[in-house]
Structures are given as C-alpha cells and as structure tokens.
Amino acid sequence: MREFTVPPMATAPPVGGLADAVFEHAEKDPDRAALSRGADGRWEDVSAALFRDEVLALAKGLLAQGVRFGDRVALMSRTRYEWTLFDFALWSIGAQPVPLYPTASAEQVFWTLYDSGACACVVEHEDHAMTVGSVIDRLPRLARLWQLDAGALAELYAAGAHIEDEVVHRHRLALTPDSPATVIYTSGTTGRPKGCVITHANFMAETDNIVQRYESVFHSRPDDEASTLLFLPLAHVFGRMVQIAAVRGRVKLAH
C-alpha cells in the first residue's frame, strides 16, 4: 500500500485551549463584529468584546452553580447563538460540552447523559426538558437542568455576578491542548452509541489548517468582512468544526 503525507500548514499551539481565542480577539480588536444573532426578526451584530463579556459572565454563572474543571455538561438544542456561547463558556472553565441532537429520543438522551457522566444539561425548550425529566430518575449524577427558553442565561448571569473574573481565567489557563474539549457520540447504528473524546488540540489543528488552506475563500477581497451562516447541527462534529473555525479565523458567525 502506498502512503502519502502532507505537512500541516498550521500546528496546534503548545499551550492553551479553545476559549483563549475569544479573549485574545476581544483584546486586539474589541469592536469587530464577531457574531450576529437574530433579534425581533432582525440581525444584531455581537462585537468581539461583547461576546467575551457574555462568555465570561456565563462561565462565572456555571462555576457558581457547581460546574467544575473536567465536568461534562450536555447541550440539547437546535443551532443557535446560545450553543456557541455555552461551548466557549464551558471551555473557559475547563468543562466539556456533550452534544445531544434536539430530536433525540428519551432513551438516546438517557444513554448519552448516563454514559458521559454529565453533571448538568442545557435544553432549549419545555419538550426537551420533559424528555430529560422522563429519565432523570436513572441519572444520579445529573444535578442541574437549565432551559434556554425559560431564562437560563439570565439566571446564570445573576448567579455568577459575585465571582471575580480572575477565577475564570485561572481555570482557562490551566487547560492544555491535550485536555478533552468535548465528547461526541456516534449514531449507534451498530449498537450503543460510543463517546468520542476530542481534545482542544484536535479542533485547533483541524480548524487552523482549514482557515490557512482556504484563506482565499474566507477573505476573497482585501478588507472584506468574511461571514458565514451556520445551519448544520452543532450536535454534529462538522457543525462544531465550522463554529470553531469561524471564531478562530475571525469570520463573523450567524446561526
């Protein structure tokens, strides 16, 4: 068998984790439109500084509610701004998001939460909450359930208001590229779904090489503003890759 290898255009940084880019970009270019979110039928830009502030506030709320370094927190929602916010807030404190498809059955939800050992779960709406609630008696480790459409963000922001920013930064700086970033479960077509552990370095190497290799696609004209509209499910690894590539590559991301 013949083998071919191609040297990478970018290698994973020797230190740090995925959330670092949020803070670095906000420091260097705070007014740049990093994301765009739907509000009352219109698009509203989110600056790099505002996104950092919301990530930081949410990270403090998660700490206040008992999420710790290395904990796993499940996310069950369609593709929306809050998923990206939770991803980077959890990475800021060294926690690991565990995606759940919004169409997952109660048994699929149970297995993912049970097998991953998730300590908390974020759901989008009441139907998702009821799905988790139907199996919660078999999930002794699951201590928290937050519902996005029932004010989860405001609740968490308020809970963490007393925590100093430095507490989050200590957690963030304790991460290394080899730290687990997420656990994504297979479809389960050949049996029970299996959790695939993906490190911060895995995502960094993949996304940074894509951004460098296809730089002309992201920035086709001098001084243009690259942007992308993400419709892929963030429960799937490809959707997560696009999300991370947009944040790391300074491409405005909308959901």
# chains A, B, ... in the order shown; residues from 1 in each chain; ligands from 1

call {"tool": "residues_around", "arguments": {"residues": "Ala158 of chain A", "least_positions_apart": "6", "cutoff": "10 Å", "atoms": "only C-alpha atoms", "output": "JSON list (two decimals) with C-alpha atoms, in the first residue's frame"}}
result
[["chain", "number", "residue", "atom", "x", "y", "z"],
["A", 57, "ALA", "CA", -20.44, 36.12, 32.66],
["A", 58, "LEU", "CA", -21.83, 32.71, 31.72],
["A", 60, "LYS", "CA", -18.90, 32.59, 36.22],
["A", 61, "GLY", "CA", -22.54, 31.52, 36.48],
["A", 64, "ALA", "CA", -21.48, 29.42, 40.84]]

call {"tool": "atom_distance", "arguments": {"atom1": "atom CA of Tyr101 of chain A", "atom2": "atom CA of Ile184 of chain A"}}
result
10.5 Å

call {"tool": "select_by_dssp", "arguments": {"residues": "segment 116-235 of chain A", "states": "strand (DSSP E or B)", "output": "list in words"}}
result
Ala120, Cys121, Val122, Val123, Arg144, Leu145, Trp146, Gln147, Pro180, Ala181, Thr182, Val183, Ile184, Tyr185, Gly195, Cys196, Val197, Ile198, Thr199, Ser227, Thr228 and Leu229 of chain A

call {"tool": "residues_around", "arguments": {"residues": "Ala205 of chain A", "least_positions_apart": "6", "cutoff": "12 Å", "atoms": "only C-alpha atoms", "output": "MDAnalysis selection string"}}
result
chainID A and resid 7:14 17:18 177:178 198:199 211:213 241 244:245 248

call {"tool": "closest_residue", "arguments": {"among": "A:Ala26, A:Leu50, A:Leu62, A:Ile93", "to": "Ala161 of chain A", "atoms": "only C-alpha atoms"}}
result
A:Leu62

call {"tool": "residues_around", "arguments": {"residues": "Phe231 of chain A", "least_positions_apart": "4", "cutoff": "10 Å", "atoms": "only C-alpha atoms", "output": "PDB file with all heavy atoms, in the first residue's frame"}}
result
ATOM      1  N   ARG A  78     -31.388  23.198  19.077  1.00  0.00           N
ATOM      2  CA  ARG A  78     -31.105  23.436  17.663  1.00  0.00           C
ATOM      3  C   ARG A  78     -29.907  24.390  17.564  1.00  0.00           C
ATOM      4  O   ARG A  78     -29.426  24.907  18.574  1.00  0.00           O
ATOM      5  CB  ARG A  78     -32.332  24.029  16.968  1.00  0.00           C
ATOM      6  CG  ARG A  78     -32.747  25.377  17.516  1.00  0.00           C
ATOM      7  CD  ARG A  78     -34.059  25.865  16.901  1.00  0.00           C
ATOM      8  NE  ARG A  78     -34.539  27.049  17.613  1.00  0.00           N
ATOM      9  CZ  ARG A  78     -34.203  28.288  17.312  1.00  0.00           C
ATOM     10  NH1 ARG A  78     -33.347  28.520  16.334  1.00  0.00           N
ATOM     11  NH2 ARG A  78     -34.698  29.295  18.000  1.00  0.00           N
ATOM     12  N   THR A  79     -29.454  24.618  16.353  1.00  0.00           N
ATOM     13  CA  THR A  79     -28.331  25.520  16.130  1.00  0.00           C
ATOM     14  C   THR A  79     -28.765  26.957  16.419  1.00  0.00           C
ATOM     15  O   THR A  79     -29.639  27.489  15.747  1.00  0.00           O
ATOM     16  CB  THR A  79     -27.844  25.391  14.682  1.00  0.00           C
ATOM     17  OG1 THR A  79     -27.366  24.060  14.477  1.00  0.00           O
ATOM     18  CG2 THR A  79     -26.728  26.367  14.368  1.00  0.00           C
ATOM     19  N   ARG A  80     -28.158  27.574  17.440  1.00  0.00           N
ATOM     20  CA  ARG A  80     -28.499  28.944  17.804  1.00  0.00           C
ATOM     21  C   ARG A  80     -27.324  29.572  18.557  1.00  0.00           C
ATOM     22  O   ARG A  80     -26.412  28.883  19.005  1.00  0.00           O
ATOM     23  CB  ARG A  80     -29.787  29.004  18.635  1.00  0.00           C
ATOM     24  CG  ARG A  80     -29.774  28.132  19.863  1.00  0.00           C
ATOM     25  CD  ARG A  80     -31.150  28.086  20.534  1.00  0.00           C
ATOM     26  NE  ARG A  80     -31.424  29.281  21.332  1.00  0.00           N
ATOM     27  CZ  ARG A  80     -32.580  29.478  21.998  1.00  0.00           C
ATOM     28  NH1 ARG A  80     -33.561  28.581  21.909  1.00  0.00           N
ATOM     29  NH2 ARG A  80     -32.757  30.567  22.705  1.00  0.00           N
ATOM     30  N   GLY A 239     -20.522  20.514  12.231  1.00  0.00           N
ATOM     31  CA  GLY A 239     -21.062  21.809  12.625  1.00  0.00           C
ATOM     32  C   GLY A 239     -20.196  22.492  13.672  1.00  0.00           C
ATOM     33  O   GLY A 239     -19.971  23.705  13.626  1.00  0.00           O
ATOM     34  N   ALA A 254     -23.110  33.578  12.119  1.00  0.00           N
ATOM     35  CA  ALA A 254     -24.533  33.662  12.450  1.00  0.00           C
ATOM     36  C   ALA A 254     -25.112  32.258  12.445  1.00  0.00           C
ATOM     37  O   ALA A 254     -24.581  31.357  11.794  1.00  0.00           O
ATOM     38  CB  ALA A 254     -25.264  34.560  11.468  1.00  0.00           C
ATOM     39  N   HIS A 255     -26.202  32.075  13.158  1.00  0.00           N
ATOM     40  CA  HIS A 255     -26.825  30.761  13.290  1.00  0.00           C
ATOM     41  C   HIS A 255     -28.202  30.770  12.631  1.00  0.00           C
ATOM     42  O   HIS A 255     -28.983  31.690  12.866  1.00  0.00           O
ATOM     43  CB  HIS A 255     -26.973  30.399  14.767  1.00  0.00           C
ATOM     44  CG  HIS A 255     -25.673  30.388  15.518  1.00  0.00           C
ATOM     45  ND1 HIS A 255     -25.055  31.554  15.927  1.00  0.00           N
ATOM     46  CD2 HIS A 255     -24.879  29.373  15.924  1.00  0.00           C
ATOM     47  CE1 HIS A 255     -23.932  31.256  16.550  1.00  0.00           C
ATOM     48  NE2 HIS A 255     -23.791  29.944  16.559  1.00  0.00           N
TER      49      HIS A 255
END

call {"tool": "atom_distance", "arguments": {"atom1": "atom CA of Trp146 of chain A", "atom2": "atom CA of Pro233 of chain A"}}
result
19.9 Å

call {"tool": "residues_around", "arguments": {"residues": "segment 143-145 of chain A", "least_positions_apart": "2", "cutoff": "9 Å", "atoms": "only C-alpha atoms", "output": "list of chain:residue names"}}
result
A:Gln65, A:Gly66, A:Ala118, A:Cys119, A:Ala120, A:Cys121, A:Val122, A:Val123, A:Ala129, A:Val132, A:Leu139, A:Pro140, A:Arg141, A:Gln147

call {"tool": "closest_residue", "arguments": {"among": "A:Ala201, A:Trp43, A:Val6, A:Asp53", "to": "Glu27 of chain A", "atoms": "only C-alpha atoms"}}
result
A:Asp53
